[in-house]
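First the structure, in the form of structure tokens, and then the observations on it.
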Amino acid sequence: MQKTIKYNLNEETRNFILAFEKSVPSGKVYSNKELVELFHQSPYYNEVIEKYYSTAVSKAIWWAVKRSARWVIDRGSYTKN
């Protein structure tokens with residue numbers, strides 16, 4: 001019997017953003033693509049995501065940044081407050 005992996009993409013991207021923003025200086029700008037790449041390299045990433053639709057991670061990153069309230073959101077870029 002195969003063991004099922006429980007993984008919540010929105011929760012893990014939020015955890016990633018909350019941990020990541022502690023090391024980001026105010027005024028630093030990241031594109032959505034850069035944050036997605038950093039997320040893929042982080043311990044919050046899990047291969048199970050590859051079964052999701054292709055834009056799932058970028059949408060989850062956007063949602064995590066928005067919920068953080070420590071970033072200014074422009075179209076495709078995020079500036080740390």
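Letters A, B, ... mark the chains of the structure tokens in the order given; residue numbers begin at 1 per chain; ligand numbers begin at 1, in order shown.
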Surrounding residues of Asn10 (chain A) excluding itself and chain neighbours under 6 positions, 9 Å, only C-alpha atoms, as a PDB file with N, CA, C and O atoms, in the first residue's frame:
```pdb
ATOM      1  N   VAL A  57       1.913  27.297  -8.516  1.00  0.00           N
ATOM      2  CA  VAL A  57       2.911  27.866  -7.606  1.00  0.00           C
ATOM      3  C   VAL A  57       2.922  29.390  -7.703  1.00  0.00           C
ATOM      4  O   VAL A  57       2.945  30.071  -6.676  1.00  0.00           O
ATOM      5  N   LYS A  59       0.534  31.404  -8.519  1.00  0.00           N
ATOM      6  CA  LYS A  59      -0.686  31.923  -7.884  1.00  0.00           C
ATOM      7  C   LYS A  59      -0.602  31.811  -6.365  1.00  0.00           C
ATOM      8  O   LYS A  59      -1.019  32.707  -5.645  1.00  0.00           O
ATOM      9  N   ALA A  60      -0.044  30.718  -5.882  1.00  0.00           N
ATOM     10  CA  ALA A  60       0.107  30.534  -4.436  1.00  0.00           C
ATOM     11  C   ALA A  60       1.106  31.541  -3.857  1.00  0.00           C
ATOM     12  O   ALA A  60       0.907  32.055  -2.757  1.00  0.00           O
ATOM     13  N   ILE A  61       2.175  31.830  -4.609  1.00  0.00           N
ATOM     14  CA  ILE A  61       3.149  32.847  -4.177  1.00  0.00           C
ATOM     15  C   ILE A  61       2.458  34.200  -4.076  1.00  0.00           C
ATOM     16  O   ILE A  61       2.611  34.925  -3.095  1.00  0.00           O
ATOM     17  N   TRP A  63      -0.669  34.849  -3.575  1.00  0.00           N
ATOM     18  CA  TRP A  63      -1.593  34.837  -2.444  1.00  0.00           C
ATOM     19  C   TRP A  63      -0.825  34.960  -1.118  1.00  0.00           C
ATOM     20  O   TRP A  63      -1.234  35.685  -0.217  1.00  0.00           O
ATOM     21  N   ALA A  64       0.295  34.271  -0.985  1.00  0.00           N
ATOM     22  CA  ALA A  64       1.098  34.328   0.239  1.00  0.00           C
ATOM     23  C   ALA A  64       1.670  35.722   0.463  1.00  0.00           C
ATOM     24  O   ALA A  64       1.662  36.242   1.581  1.00  0.00           O
TER      25      ALA A  64
END
```
DSSP on the backbone: what in chain A comes out helix (DSSP H, G or I), as a PyMOL selection string? chain A and resi 9-23+32-41+47-51+56-68
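Computed from the coordinates, the CA of Ser58 (chain A) to CA of Arg70 (chain A) distance equals 17.8 Å.
Reported to one decimal place, the separation of CA of Arg67 (chain A) from CA of Leu18 (chain A) is 9.8 Å.
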With distances taken over only C-alpha atoms, which of A:Val65, A:Leu9, A:Val72, A:Val24 is nearest to His40 (chain A)?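 Residue with the minimum atom-to-atom distance to His40 (chain A): A:Leu9.
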Chain A: residues DSSP assigns to strand (DSSP E), reported as a PyMOL selection string: chain A and resi 29-31+71-74+77-80
Limited to all heavy atoms, could you put the picked residues into a file as a CSV table (one decimal), in the first residue's frame?
```csv
chain,number,residue,atom,x,y,z
A,29,VAL,N,13.2,44.3,-4.6
A,29,VAL,CA,12.1,44.0,-5.5
A,29,VAL,C,12.4,42.6,-6.1
A,29,VAL,O,13.5,42.3,-6.5
A,29,VAL,CB,12.0,45.0,-6.7
A,29,VAL,CG1,10.9,44.6,-7.7
A,29,VAL,CG2,11.8,46.4,-6.2
A,30,TYR,N,11.4,41.7,-6.1
A,30,TYR,CA,11.4,40.4,-6.7
A,30,TYR,C,10.3,40.3,-7.7
A,30,TYR,O,9.2,40.8,-7.5
A,30,TYR,CB,11.3,39.3,-5.6
A,30,TYR,CG,12.5,39.1,-4.7
A,30,TYR,CD1,12.5,39.8,-3.5
A,30,TYR,CD2,13.5,38.3,-5.1
A,30,TYR,CE1,13.6,39.7,-2.7
A,30,TYR,CE2,14.6,38.2,-4.3
A,30,TYR,CZ,14.7,38.8,-3.1
A,30,TYR,OH,15.8,38.7,-2.3
A,31,SER,N,10.6,39.5,-8.8
A,31,SER,CA,9.5,39.2,-9.7
A,31,SER,C,8.8,37.9,-9.2
A,31,SER,O,9.4,37.2,-8.4
A,31,SER,CB,10.0,39.0,-11.1
A,31,SER,OG,10.8,37.8,-11.1
A,71,TRP,N,4.5,43.5,1.8
A,71,TRP,CA,5.0,43.7,0.4
A,71,TRP,C,4.1,44.7,-0.3
A,71,TRP,O,2.9,44.6,-0.1
A,71,TRP,CB,5.1,42.4,-0.3
A,71,TRP,CG,6.0,41.4,0.3
A,71,TRP,CD1,5.7,40.6,1.3
A,71,TRP,CD2,7.3,41.0,-0.2
A,71,TRP,NE1,6.8,39.8,1.6
A,71,TRP,CE2,7.8,40.0,0.7
A,71,TRP,CE3,8.1,41.5,-1.2
A,71,TRP,CZ2,9.0,39.5,0.5
A,71,TRP,CZ3,9.3,40.9,-1.4
A,71,TRP,CH2,9.8,39.9,-0.5
A,72,VAL,N,4.6,45.4,-1.3
A,72,VAL,CA,3.8,46.2,-2.2
A,72,VAL,C,3.7,45.4,-3.5
A,72,VAL,O,4.8,45.0,-4.0
A,72,VAL,CB,4.5,47.6,-2.5
A,72,VAL,CG1,3.7,48.4,-3.5
A,72,VAL,CG2,4.6,48.4,-1.2
A,73,ILE,N,2.5,45.2,-3.9
A,73,ILE,CA,2.3,44.3,-5.1
A,73,ILE,C,2.1,45.2,-6.3
A,73,ILE,O,1.1,46.0,-6.3
A,73,ILE,CB,1.1,43.3,-4.8
A,73,ILE,CG1,1.4,42.5,-3.6
A,73,ILE,CG2,0.9,42.5,-6.1
A,73,ILE,CD1,0.2,41.6,-3.2
A,74,ASP,N,2.9,45.0,-7.3
A,74,ASP,CA,2.7,45.6,-8.6
A,74,ASP,C,2.5,44.4,-9.6
A,74,ASP,O,2.8,43.3,-9.2
A,74,ASP,CB,3.9,46.4,-9.0
A,74,ASP,CG,4.0,47.7,-8.2
A,74,ASP,OD1,3.0,48.3,-7.9
A,74,ASP,OD2,5.2,48.1,-7.9
A,77,SER,N,5.5,42.0,-9.9
A,77,SER,CA,6.7,42.3,-9.0
A,77,SER,C,6.2,42.6,-7.6
A,77,SER,O,5.1,43.1,-7.4
A,77,SER,CB,7.6,43.4,-9.6
A,77,SER,OG,6.9,44.6,-9.5
A,78,TYR,N,7.1,42.3,-6.7
A,78,TYR,CA,6.8,42.5,-5.3
A,78,TYR,C,7.9,43.3,-4.6
A,78,TYR,O,9.1,42.9,-4.8
A,78,TYR,CB,6.5,41.2,-4.6
A,78,TYR,CG,5.6,40.3,-5.3
A,78,TYR,CD1,6.1,39.1,-5.9
A,78,TYR,CD2,4.3,40.6,-5.5
A,78,TYR,CE1,5.2,38.3,-6.6
A,78,TYR,CE2,3.4,39.7,-6.2
A,78,TYR,CZ,3.9,38.6,-6.7
A,78,TYR,OH,3.0,37.8,-7.4
A,79,THR,N,7.6,44.3,-3.9
A,79,THR,CA,8.6,45.1,-3.2
A,79,THR,C,8.4,45.0,-1.7
A,79,THR,O,7.3,45.2,-1.2
A,79,THR,CB,8.5,46.6,-3.6
A,79,THR,OG1,8.5,46.7,-5.1
A,79,THR,CG2,9.6,47.4,-3.0
A,80,LYS,N,9.5,44.6,-1.0
A,80,LYS,CA,9.4,44.4,0.4
A,80,LYS,C,9.3,45.8,1.1
A,80,LYS,O,10.0,46.7,0.8
A,80,LYS,CB,10.6,43.7,0.9
A,80,LYS,CG,10.8,43.5,2.4
A,80,LYS,CD,9.9,42.5,2.9
A,80,LYS,CE,10.0,42.2,4.4
A,80,LYS,NZ,10.7,42.9,5.3
```
Give the answer as one residue: which of A:Lys51, A:Arg14, A:Lys6, A:Arg75 has the shortest atom-to-atom distance to Phe39 (chain A), using only C-alpha atoms?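 Ranking A:Lys51, A:Arg14, A:Lys6, A:Arg75 by distance to Phe39 (chain A), first place goes to A:Arg14.
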